[in-house]
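Here is the file target.txt (compact mmCIF, C-alpha atoms and all ligand atoms).
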# COMPACT_ATOMS: atom_id res chain seq x y z
CA MET H 1 0.40 -19.20 -33.88
CA LYS H 2 2.47 -19.12 -30.75
CA GLU H 3 1.77 -16.24 -28.36
CA SER H 4 4.78 -13.97 -27.74
CA ILE H 5 5.77 -13.05 -24.18
CA GLU H 6 4.57 -9.47 -24.70
CA GLU H 7 1.21 -10.74 -25.97
CA ARG H 8 0.95 -12.98 -22.95
CA ILE H 9 1.65 -10.00 -20.67
CA ASP H 10 -1.08 -8.02 -22.48
CA ARG H 11 -3.50 -10.84 -21.81
CA LEU H 12 -2.48 -11.21 -18.15
CA HIS H 13 -2.79 -7.45 -17.64
CA ALA H 14 -6.16 -7.16 -19.35
CA GLY H 15 -8.05 -7.26 -16.05
CA GLY H 16 -5.86 -4.51 -14.59
CA ILE H 17 -3.23 -4.80 -11.87
CA VAL H 18 -4.14 -4.11 -8.24
CA ASP H 19 -1.53 -2.23 -6.19
CA PHE H 20 -2.86 -1.69 -2.69
CA HIS H 21 -0.43 0.95 -1.46
CA PHE H 22 0.39 4.18 -3.21
CA ASP H 23 1.04 7.52 -1.46
CA LEU H 24 -0.86 9.48 -4.08
CA LEU H 25 -2.72 11.84 -1.80
CA ILE H 26 0.41 13.44 -0.30
CA ASP H 27 1.42 14.56 -3.76
CA LEU H 28 -2.03 15.74 -4.82
CA TYR H 29 -2.10 17.82 -1.64
CA GLU H 30 1.34 19.33 -2.15
CA LYS H 31 0.37 20.24 -5.73
CA ARG H 32 -3.02 21.60 -4.67
CA ASP H 33 -2.53 24.87 -6.52
CA ARG H 34 -2.52 22.96 -9.82
CA GLN H 35 -5.29 21.31 -11.78
CA GLY H 36 -5.24 17.98 -13.57
CA VAL H 37 -2.27 16.56 -11.66
CA LEU H 38 -3.73 13.05 -11.65
CA VAL H 39 -3.91 13.01 -15.43
CA SER H 40 -0.70 14.88 -16.22
CA HIS H 41 1.60 13.37 -13.57
CA PHE H 42 0.22 9.91 -12.94
CA LEU H 43 -2.07 8.57 -15.65
CA PRO H 44 0.65 7.90 -18.26
CA GLU H 45 2.54 5.59 -15.87
CA PHE H 46 -0.65 3.90 -14.67
CA GLU H 47 -1.65 3.24 -18.28
CA ALA H 48 1.77 1.96 -19.27
CA GLY H 49 1.61 -0.51 -16.39
CA ASP H 50 -2.06 -1.48 -16.95
CA ILE H 51 -3.01 -0.45 -13.42
CA GLY H 52 -6.64 -1.29 -12.61
CA VAL H 53 -7.10 -0.62 -8.91
CA LEU H 54 -5.01 1.37 -6.44
CA GLY H 55 -5.14 1.74 -2.68
CA VAL H 56 -4.35 5.44 -2.26
CA ALA H 57 -3.20 6.49 1.16
CA ILE H 58 -4.02 9.41 3.38
CA TYR H 59 -0.72 10.11 5.11
CA VAL H 60 0.21 13.17 7.14
CA GLU H 61 3.87 14.07 7.31
CA ASP H 62 5.53 14.94 10.64
CA ARG H 63 5.78 18.62 9.84
CA TYR H 64 1.96 18.98 9.92
CA LEU H 65 1.47 17.18 13.22
CA PRO H 66 -0.28 17.40 15.52
CA GLU H 67 -2.27 20.59 14.84
CA MET H 68 -2.77 20.20 11.10
CA GLY H 69 -3.33 16.43 10.97
CA LEU H 70 -7.08 16.44 10.45
CA ARG H 71 -7.02 19.46 8.19
CA VAL H 72 -4.34 18.04 5.87
CA ALA H 73 -6.06 14.64 5.73
CA LEU H 74 -9.39 16.21 4.76
CA ASP H 75 -7.66 18.37 2.17
CA GLN H 76 -5.98 15.28 0.72
CA VAL H 77 -9.37 13.61 0.30
CA ALA H 78 -10.83 16.83 -1.11
CA ARG H 79 -8.02 17.07 -3.67
CA LEU H 80 -8.60 13.47 -4.70
CA TYR H 81 -12.30 14.04 -5.37
CA ALA H 82 -11.59 17.32 -7.19
CA GLU H 83 -9.00 15.64 -9.41
CA VAL H 84 -11.14 12.58 -10.14
CA GLU H 85 -14.04 14.83 -11.14
CA GLN H 86 -11.97 16.34 -13.94
CA THR H 87 -11.45 13.10 -15.84
CA LYS H 88 -13.35 10.01 -16.93
CA ARG H 89 -10.37 7.75 -16.29
CA PHE H 90 -10.70 7.34 -12.50
CA ALA H 91 -13.37 6.53 -9.95
CA VAL H 92 -13.26 6.60 -6.15
CA CYS H 93 -14.76 3.26 -5.10
CA LYS H 94 -16.51 2.56 -1.81
CA THR H 95 -17.95 -0.87 -2.61
CA PHE H 96 -16.82 -3.89 -4.57
CA ALA H 97 -19.64 -3.27 -7.06
CA GLU H 98 -18.20 0.20 -7.69
CA ILE H 99 -14.79 -1.32 -8.34
CA GLU H 100 -16.35 -3.69 -10.86
CA GLN H 101 -18.27 -0.85 -12.52
CA ALA H 102 -15.11 1.23 -12.74
CA ARG H 103 -13.18 -1.61 -14.33
CA ALA H 104 -16.01 -2.36 -16.79
CA ALA H 105 -15.92 1.30 -17.85
CA ASN H 106 -12.11 1.11 -18.23
CA LYS H 107 -11.57 3.42 -15.28
CA ILE H 108 -8.90 3.02 -12.65
CA GLY H 109 -10.60 2.27 -9.33
CA LEU H 110 -9.21 4.17 -6.34
CA VAL H 111 -9.78 2.88 -2.82
CA ILE H 112 -8.97 5.37 -0.06
CA THR H 113 -6.71 4.02 2.68
CA MET H 114 -5.12 5.61 5.75
CA GLU H 115 -1.53 5.13 6.86
CA GLY H 116 -1.46 6.16 10.49
CA VAL H 117 -4.58 7.38 12.29
CA GLU H 118 -3.11 10.74 13.37
CA PRO H 119 -5.94 12.58 11.54
CA LEU H 120 -8.44 11.07 14.00
CA GLY H 121 -6.63 12.46 17.03
CA ASP H 122 -8.31 10.35 19.68
CA ASP H 123 -11.87 10.83 18.38
CA LEU H 124 -13.50 7.61 17.20
CA ASN H 125 -16.40 9.54 15.63
CA LEU H 126 -14.00 10.83 13.00
CA LEU H 127 -13.36 7.27 11.81
CA ARG H 128 -17.04 7.09 10.87
CA ALA H 129 -16.77 10.45 9.10
CA PHE H 130 -13.78 9.23 7.03
CA TYR H 131 -15.67 6.02 6.28
CA GLU H 132 -18.46 8.11 4.76
CA LEU H 133 -15.82 9.89 2.65
CA GLY H 134 -14.70 6.52 1.28
CA LEU H 135 -12.05 5.26 3.68
CA ARG H 136 -11.91 1.46 3.37
CA SER H 137 -8.55 0.39 4.80
CA VAL H 138 -6.74 1.58 7.92
CA GLY H 139 -3.23 1.01 9.19
CA LEU H 140 -3.05 2.27 12.76
CA THR H 141 0.46 3.64 12.62
CA HIS H 142 3.37 4.61 10.44
CA ALA H 143 6.82 4.19 11.99
CA ARG H 144 6.00 6.61 14.80
CA ARG H 145 3.88 6.43 17.95
CA ASN H 146 0.39 7.91 17.97
CA ALA H 147 -2.82 7.78 20.01
CA ALA H 148 -3.56 4.24 18.76
CA GLY H 149 -0.23 2.46 19.10
CA SER H 150 3.39 2.29 17.94
CA GLY H 151 5.03 1.48 14.66
CA GLY H 152 7.81 -1.02 14.03
CA ILE H 153 11.22 0.58 13.63
CA PHE H 154 13.67 0.14 10.77
CA LYS H 155 16.02 -1.96 12.89
CA SER H 156 16.06 -5.66 13.73
CA SER H 157 15.00 -5.01 17.33
CA GLY H 158 14.07 -2.22 19.67
CA SER H 159 10.55 -1.23 18.62
CA PRO H 160 8.41 -0.04 21.53
CA HIS H 161 7.13 -3.07 23.45
CA ASP H 162 3.75 -1.60 24.24
CA GLY H 163 0.79 -2.74 22.19
CA LEU H 164 -2.35 -0.83 21.34
CA THR H 165 -3.85 1.89 23.46
CA ASN H 166 -7.52 1.75 24.45
CA PHE H 167 -8.20 4.10 21.58
CA GLY H 168 -6.27 1.81 19.21
CA ARG H 169 -8.42 -1.14 20.30
CA ASP H 170 -11.57 0.93 19.74
CA VAL H 171 -10.40 1.85 16.24
CA VAL H 172 -9.79 -1.81 15.40
CA ARG H 173 -13.23 -2.89 16.64
CA GLU H 174 -14.95 -0.06 14.81
CA CYS H 175 -13.11 -0.91 11.57
CA GLU H 176 -14.35 -4.48 11.77
CA ARG H 177 -17.87 -3.28 12.48
CA LEU H 178 -17.95 -0.77 9.62
CA GLY H 179 -16.23 -3.03 7.07
CA ILE H 180 -12.89 -1.26 6.88
CA LEU H 181 -9.89 -3.46 6.15
CA ILE H 182 -7.26 -3.52 8.88
CA ASP H 183 -3.78 -3.11 7.49
CA LEU H 184 -0.88 -4.45 9.58
CA ALA H 185 1.89 -2.79 7.59
CA HIS H 186 4.16 -0.72 9.92
CA ILE H 187 2.62 -1.76 13.25
CA ASN H 188 5.11 -2.94 15.88
CA PRO H 189 5.25 -6.69 16.71
CA LYS H 190 3.21 -6.35 19.91
CA GLY H 191 0.50 -4.31 18.17
CA PHE H 192 0.36 -6.90 15.38
CA GLU H 193 -0.24 -9.63 17.92
CA GLU H 194 -2.99 -7.70 19.69
CA ILE H 195 -4.85 -6.86 16.48
CA VAL H 196 -4.83 -10.55 15.55
CA GLU H 197 -6.41 -11.39 18.91
CA LEU H 198 -9.02 -8.65 18.66
CA THR H 199 -10.28 -9.46 15.17
CA SER H 200 -11.78 -12.33 13.23
CA LYS H 201 -11.99 -11.11 9.61
CA PRO H 202 -9.21 -11.29 7.01
CA LEU H 203 -6.23 -9.06 7.83
CA ILE H 204 -3.93 -7.52 5.28
CA VAL H 205 -0.40 -6.18 5.12
CA SER H 206 -0.67 -3.71 2.27
CA HIS H 207 3.04 -3.08 1.70
CA SER H 208 5.81 -4.95 3.45
CA ASN H 209 8.68 -7.35 2.95
CA ALA H 210 9.89 -10.56 4.50
CA ARG H 211 12.33 -10.16 7.38
CA LYS H 212 14.07 -13.23 6.00
CA PHE H 213 15.64 -10.99 3.35
CA TYR H 214 15.66 -7.68 5.22
CA ASP H 215 15.51 -8.12 8.95
CA ILE H 216 13.91 -5.00 10.38
CA GLU H 217 10.85 -4.78 12.58
CA ARG H 218 9.09 -2.64 9.99
CA ASN H 219 9.04 -5.79 7.83
CA ILE H 220 7.23 -9.02 8.71
CA SER H 221 8.43 -12.31 10.11
CA ASP H 222 7.57 -15.75 8.78
CA GLU H 223 5.25 -16.23 11.77
CA GLN H 224 3.39 -13.03 10.93
CA ILE H 225 3.10 -14.03 7.28
CA LYS H 226 1.60 -17.37 8.34
CA ILE H 227 -1.01 -15.60 10.46
CA ILE H 228 -2.08 -13.47 7.49
CA GLY H 229 -2.41 -16.69 5.50
CA GLN H 230 -4.47 -18.41 8.18
CA ARG H 231 -6.83 -15.44 8.21
CA GLY H 232 -7.32 -15.54 4.46
CA GLY H 233 -5.60 -12.19 4.00
CA VAL H 234 -3.00 -10.86 1.59
CA VAL H 235 0.57 -9.62 1.95
CA GLY H 236 1.34 -6.90 -0.60
CA VAL H 237 5.02 -7.08 -1.49
CA ASN H 238 6.82 -3.74 -1.19
CA ALA H 239 9.33 -2.63 -3.84
CA ILE H 240 11.44 -0.31 -1.67
CA LEU H 241 12.55 -2.50 1.23
CA VAL H 242 13.60 -5.72 -0.45
CA SER H 243 17.16 -5.60 0.90
CA ARG H 244 19.46 -3.71 3.25
CA ASP H 245 21.97 -3.27 0.43
CA ALA H 246 21.68 -1.39 -2.81
CA GLU H 247 23.37 -4.18 -4.80
CA THR H 248 20.78 -6.76 -3.85
CA SER H 249 17.80 -4.42 -4.20
CA THR H 250 16.81 -5.95 -7.50
CA LEU H 251 13.75 -7.15 -9.35
CA ASP H 252 14.97 -10.71 -8.76
CA ARG H 253 14.98 -10.09 -5.03
CA TYR H 254 11.43 -8.70 -5.31
CA LEU H 255 10.47 -12.03 -6.87
CA ASP H 256 12.26 -13.84 -4.04
CA HIS H 257 9.95 -12.09 -1.56
CA ILE H 258 6.90 -13.14 -3.57
CA GLU H 259 8.11 -16.74 -3.71
CA HIS H 260 8.93 -16.71 0.00
CA VAL H 261 5.39 -15.63 0.93
CA ILE H 262 3.95 -18.26 -1.40
CA GLY H 263 6.20 -20.87 0.19
CA LEU H 264 4.75 -20.04 3.60
CA ILE H 265 1.06 -19.46 2.88
CA GLY H 266 0.41 -20.46 -0.72
CA ILE H 267 -0.43 -18.60 -3.89
CA ASP H 268 -3.63 -17.08 -2.46
CA GLY H 269 -1.79 -14.98 0.14
CA VAL H 270 0.40 -12.71 -1.95
CA GLY H 271 -0.30 -9.50 -3.83
CA ILE H 272 1.28 -6.22 -4.88
CA GLY H 273 1.94 -3.23 -2.60
CA PHE H 274 4.64 -1.46 -4.57
CA ASP H 275 4.80 1.65 -2.37
CA PHE H 276 6.46 3.52 -5.23
CA CYS H 277 7.76 6.76 -3.75
CA GLU H 278 10.94 7.66 -5.56
CA TYR H 279 9.08 10.57 -7.13
CA LEU H 280 8.19 11.89 -3.66
CA PHE H 281 11.71 11.34 -2.38
CA GLU H 282 13.19 13.27 -5.30
CA GLN H 283 11.00 16.27 -4.58
CA LEU H 284 12.38 16.56 -1.05
CA PRO H 285 15.19 18.99 -0.26
CA GLU H 286 18.55 17.25 0.26
CA LYS H 287 18.48 18.09 3.98
CA VAL H 288 15.10 16.42 4.52
CA ARG H 289 16.21 13.35 2.56
CA THR H 290 19.24 12.98 4.83
CA GLU H 291 17.07 13.38 7.93
CA LEU H 292 14.61 10.77 6.69
CA ALA H 293 17.39 8.32 5.92
CA ALA H 294 18.75 8.78 9.44
CA LYS H 295 15.35 8.47 11.11
CA LEU H 296 13.97 5.59 9.01
CA THR H 297 16.27 4.10 6.45
CA ALA H 298 17.85 5.01 3.13
CA PRO H 299 15.50 3.50 0.55
CA HIS H 300 17.04 1.43 -2.23
CA PHE H 301 14.86 1.80 -5.26
CA ILE H 302 14.83 -1.04 -7.76
CA SER H 303 15.92 0.50 -11.05
CA ASP H 304 13.52 -1.48 -13.23
CA LEU H 305 10.67 -1.37 -10.68
CA THR H 306 10.43 2.26 -9.51
CA ASN H 307 7.10 3.36 -10.92
CA HIS H 308 3.89 1.88 -12.28
CA SER H 309 5.07 1.91 -15.87
CA HIS H 310 7.50 -0.85 -14.85
CA ALA H 311 4.77 -3.37 -13.99
CA ARG H 312 5.42 -5.28 -17.20
CA ASN H 313 8.99 -5.97 -16.04
CA LEU H 314 7.54 -7.76 -13.04
CA THR H 315 5.14 -9.84 -15.10
CA ARG H 316 7.89 -10.72 -17.57
CA LYS H 317 9.98 -11.94 -14.64
CA LEU H 318 7.10 -13.98 -13.20
CA ILE H 319 6.75 -15.68 -16.59
CA LYS H 320 10.49 -16.31 -16.69
CA ARG H 321 10.34 -18.00 -13.30
CA GLY H 322 7.70 -20.37 -14.58
CA PHE H 323 4.55 -19.09 -12.92
CA SER H 324 1.33 -20.21 -14.64
CA ASP H 325 -1.25 -17.76 -15.96
CA GLU H 326 -3.57 -18.60 -13.10
CA GLN H 327 -0.85 -17.93 -10.51
CA ILE H 328 0.21 -14.66 -12.12
CA GLU H 329 -3.38 -13.40 -12.23
CA LYS H 330 -3.77 -14.15 -8.52
CA ILE H 331 -0.59 -12.23 -7.66
CA LEU H 332 -1.34 -9.25 -9.89
CA GLN H 333 -5.03 -8.85 -9.09
CA GLY H 334 -7.05 -11.89 -8.06
CA ASN H 335 -6.01 -12.12 -4.43
CA TRP H 336 -6.62 -8.47 -3.65
CA MET H 337 -9.93 -8.62 -5.52
CA ARG H 338 -11.00 -11.63 -3.46
CA VAL H 339 -10.38 -9.80 -0.18
CA LEU H 340 -11.96 -6.58 -1.43
CA LYS H 341 -15.04 -8.50 -2.53
CA GLN H 342 -15.27 -10.17 0.84
CA MET H 343 -14.72 -7.01 2.89
CA LEU H 344 -16.32 -4.13 0.96
ZN ZN G 401 4.41 2.82 4.41
In structure tokens, what does this structure look like?
Ligand SMILES: [Zn+2]
Amino acid sequence: MKESIEERIDRLHAGGIVDFHFDLLIDLYEKRDRQGVLVSHFLPEFEAGDIGVLGVAIYVEDRYLPEMGLRVALDQVARLYAEVEQTKRFAVCKTFAEIEQARAANKIGLVITMEGVEPLGDDLNLLRAFYELGLRSVGLTHARRNAAGSGGIFKSSGSPHDGLTNFGRDVVRECERLGILIDLAHINPKGFEEIVELTSKPLIVSHSNARKFYDIERNISDEQIKIIGQRGGVVGVNAILVSRDAETSTLDRYLDHIEHVIGLIGIDGVGIGFDFCEYLFEQLPEKVRTELAAKLTAPHFISDLTNHSHARNLTRKLIKRGFSDEQIEKILQGNWMRVLKQML
């Protein structure tokens, strides 16, 4: 009997999809007076999309900085552990073996990441402390400047030209020593270049898009994509910055980004970094949303790829474009799993 497309998607999703950038911890923190948020607010969408592993980011919003940076970050991690403890469906994973154990027990594996090292201040010892708490991937900056370096701006030029600070270089070296992935999403072009020179292990870009389709310095150039490929890393394709215009912010354009990365560095270099945040955006007051749009950019959410329950739409589209089972498995999970196995 011929397998239907939906049956084929079931089979391709059986191992669980890996999405290496999700701003879960911000929301757990903001809802810290409630219990069971992970199960009530997130699990249904994760299950509908067959999510297997998530990179969940520590991120501290501007309004808490600088004084509250460390405190909020620790509270975010505390909320994660408290939430995970209340259910059998999740596990915080610090090693690749723990990811495999979680998957074998049908749990969603959560890997703690950090988007911007503001919580560290300029104290390298704190990186070690966060490592002990489970931190396994670090992006030095968000769009703003901090003690480590500067982020790329949401324009086609004009990011700060300075690279990493001494502290930023120390953080990079210590990450390589400890076995923390270095994430080049958001870093400015000069910082990107310096991190490449300083390191030798695989580098990742957890959530970004090709400047070919959306030319801003927050996204990555073809040259940068090639470097990630040469280093055996992965580019996670972002679902919220696929185009400058709302009309072309479509699932098809998301696939164009995937195909573009593959065209440059092959099937082994591309993964998923959805960065789904419409739910966060919608919780913001109108005034804050307008400010964010002015400071960064107005996000254009893809209507049929705005949350994890939509993952099947992506797989259906990959099938439609003629990708083989082996290729689809690499994009949805295999490539991230390879790097995680190598690094953790
Ligand atoms: Zn981001």
Find the residues of chain H that sit at most 9 Å from ligand ZN 401 (chain G); for each, write down the nearest two atoms and how far apart they are in Å, to one decimal. Count only C-alpha atoms and all ligand atoms. Sort by chain, then by number going up, and give it as a Markdown table.
| residue | atom | partner | partner_atom | distance |
| --- | --- | --- | --- | --- |
| H:His21 | CA | G:ZN401 | ZN | 7.8 |
| H:Phe22 | CA | G:ZN401 | ZN | 8.7 |
| H:Asp23 | CA | G:ZN401 | ZN | 8.2 |
| H:Tyr59 | CA | G:ZN401 | ZN | 8.9 |
| H:Glu115 | CA | G:ZN401 | ZN | 6.8 |
| H:His142 | CA | G:ZN401 | ZN | 6.4 |
| H:Ala143 | CA | G:ZN401 | ZN | 8.1 |
| H:Ala185 | CA | G:ZN401 | ZN | 6.9 |
| H:His186 | CA | G:ZN401 | ZN | 6.6 |
| H:Ser206 | CA | G:ZN401 | ZN | 8.5 |
| H:His207 | CA | G:ZN401 | ZN | 6.6 |
| H:Ser208 | CA | G:ZN401 | ZN | 8.0 |
| H:Asn238 | CA | G:ZN401 | ZN | 9.0 |
| H:Asp275 | CA | G:ZN401 | ZN | 6.9 |
Please list as a compact mmCIF listing (two decimals) with C-alpha atoms, keeping the file's coordinate frame every residue within 9 Å of Asp256 (chain H), counting only C-alpha atoms and excluding residues in the same chain fewer than 4 positions away.
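Contents of the output file around36.txt:
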# COMPACT_ATOMS: atom_id res chain seq x y z
CA PHE H 213 15.64 -10.99 3.35
CA VAL H 242 13.60 -5.72 -0.45
CA LEU H 251 13.75 -7.15 -9.35
CA ASP H 252 14.97 -10.71 -8.76
CA HIS H 260 8.93 -16.71 0.00
CA VAL H 261 5.39 -15.63 0.93
Compile a residue-level contact table for region 135-242 of chain H against region 321-334 of chain H at a cut-off of 10 Å, reporting for every qualifying residue the shortest atom pair and its distance in Å to one decimal, with only C-alpha atoms counted, rows ordered by chain and ascending number, as CSV.
residue,atom,partner,partner_atom,distance
H:Val234,CA,H:Ile331,CA,9.7
H:Gly236,CA,H:Ile331,CA,9.1
H:Val237,CA,H:Ile331,CA,9.8
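With all atoms listed in the file as the atoms that count, the residue of H:Val339, H:Leu284, H:Leu133, H:Leu12 with the shortest distance to Pro202 (chain H) is H:Val339.
Remark: for Leu126 (chain H), the closest of the candidate residues H:Leu344, H:Ala48, H:Val171, H:Val39 is H:Val171 (distances computed over only C-alpha atoms).
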| query | Taking only C-alpha atoms into account, which of H:Ala293, H:Ile302, H:Ile51, H:Ile216 comes nearest Ile272 (chain H)? | reply |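 The closest residue to Ile272 (chain H) is H:Ile51.
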| Quick one: distance from CA of Gln35 (chain H) to CA of Asp75 (chain H) in Å, one decimal? |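 CA of Gln35 (chain H) sits 14.5 Å away from CA of Asp75 (chain H).
A straight line drawn from CA of Gly16 (chain H) to CA of Phe281 (chain H) is 26.6 Å long.
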| message | Give me the residues near Val138 (chain H) as a PyMOL selection string, where near means some atom within 8 Å (using all atoms listed in the file) and where sequence neighbours in that chain fewer than 4 positions away do not count. | response | chain H and resi 113-117+175+180-183
Could you add the missing atoms to region 79-88 of chain H, up to all heavy atoms, and return them as a tab-separated table (two decimals), keeping the file's coordinate frame?
chain	number	residue	atom	x	y	z
H	79	ARG	N	-8.78	16.98	-2.41
H	79	ARG	CA	-8.02	17.07	-3.67
H	79	ARG	C	-8.27	15.85	-4.54
H	79	ARG	O	-8.38	15.95	-5.75
H	79	ARG	CB	-6.50	17.19	-3.40
H	79	ARG	CG	-5.98	18.51	-2.92
H	79	ARG	CD	-6.53	19.69	-3.68
H	79	ARG	NE	-6.34	19.61	-5.12
H	79	ARG	CZ	-7.09	20.22	-6.04
H	79	ARG	NH1	-8.12	20.95	-5.67
H	79	ARG	NH2	-6.83	20.10	-7.32
H	80	LEU	N	-8.35	14.68	-3.92
H	80	LEU	CA	-8.60	13.47	-4.70
H	80	LEU	C	-9.93	13.58	-5.45
H	80	LEU	O	-10.00	13.36	-6.66
H	80	LEU	CB	-8.60	12.24	-3.79
H	80	LEU	CG	-8.91	10.92	-4.53
H	80	LEU	CD1	-7.78	10.57	-5.49
H	80	LEU	CD2	-9.14	9.78	-3.55
H	81	TYR	N	-10.99	13.94	-4.72
H	81	TYR	CA	-12.30	14.04	-5.37
H	81	TYR	C	-12.29	15.12	-6.46
H	81	TYR	O	-12.86	14.92	-7.55
H	81	TYR	CB	-13.39	14.31	-4.34
H	81	TYR	CG	-13.88	13.05	-3.66
H	81	TYR	CD1	-13.46	12.70	-2.39
H	81	TYR	CD2	-14.76	12.18	-4.32
H	81	TYR	CE1	-13.91	11.54	-1.76
H	81	TYR	CE2	-15.21	11.01	-3.71
H	81	TYR	CZ	-14.78	10.70	-2.43
H	81	TYR	OH	-15.21	9.54	-1.84
H	82	ALA	N	-11.62	16.24	-6.19
H	82	ALA	CA	-11.59	17.32	-7.19
H	82	ALA	C	-10.86	16.86	-8.45
H	82	ALA	O	-11.27	17.15	-9.57
H	82	ALA	CB	-10.90	18.55	-6.59
H	83	GLU	N	-9.78	16.12	-8.27
H	83	GLU	CA	-9.00	15.64	-9.41
H	83	GLU	C	-9.78	14.58	-10.20
H	83	GLU	O	-9.77	14.59	-11.42
H	83	GLU	CB	-7.67	15.05	-8.92
H	83	GLU	CG	-6.65	16.10	-8.50
H	83	GLU	CD	-5.93	16.70	-9.70
H	83	GLU	OE1	-5.75	15.99	-10.69
H	83	GLU	OE2	-5.60	17.90	-9.65
H	84	VAL	N	-10.42	13.67	-9.48
H	84	VAL	CA	-11.14	12.58	-10.14
H	84	VAL	C	-12.31	13.13	-10.97
H	84	VAL	O	-12.61	12.64	-12.05
H	84	VAL	CB	-11.63	11.54	-9.10
H	84	VAL	CG1	-12.67	10.60	-9.68
H	84	VAL	CG2	-10.44	10.75	-8.55
H	85	GLU	N	-12.91	14.21	-10.45
H	85	GLU	CA	-14.04	14.83	-11.14
H	85	GLU	C	-13.67	15.38	-12.52
H	85	GLU	O	-14.52	15.51	-13.39
H	85	GLU	CB	-14.53	15.98	-10.26
H	85	GLU	CG	-15.99	16.27	-10.35
H	85	GLU	CD	-16.36	17.32	-9.30
H	85	GLU	OE1	-15.84	18.46	-9.36
H	85	GLU	OE2	-17.14	16.97	-8.40
H	86	GLN	N	-12.38	15.70	-12.68
H	86	GLN	CA	-11.97	16.34	-13.94
H	86	GLN	C	-11.67	15.35	-15.06
H	86	GLN	O	-11.23	15.77	-16.14
H	86	GLN	CB	-10.70	17.18	-13.69
H	86	GLN	CG	-10.94	18.37	-12.80
H	86	GLN	CD	-9.63	18.99	-12.35
H	86	GLN	OE1	-8.67	19.02	-13.11
H	86	GLN	NE2	-9.59	19.49	-11.13
H	87	THR	N	-11.81	14.07	-14.82
H	87	THR	CA	-11.45	13.10	-15.84
H	87	THR	C	-12.41	11.92	-15.79
H	87	THR	O	-13.04	11.65	-14.77
H	87	THR	CB	-9.99	12.60	-15.64
H	87	THR	OG1	-9.83	11.34	-16.30
H	87	THR	CG2	-9.65	12.40	-14.17
H	88	LYS	N	-12.51	11.22	-16.90
H	88	LYS	CA	-13.35	10.01	-16.93
H	88	LYS	C	-12.54	8.76	-16.66
H	88	LYS	O	-13.05	7.65	-16.73
H	88	LYS	CB	-14.02	9.89	-18.31
H	88	LYS	CG	-15.09	10.91	-18.56
H	88	LYS	CD	-15.81	10.59	-19.87
H	88	LYS	CE	-17.15	11.30	-19.97
H	88	LYS	NZ	-17.06	12.76	-19.89
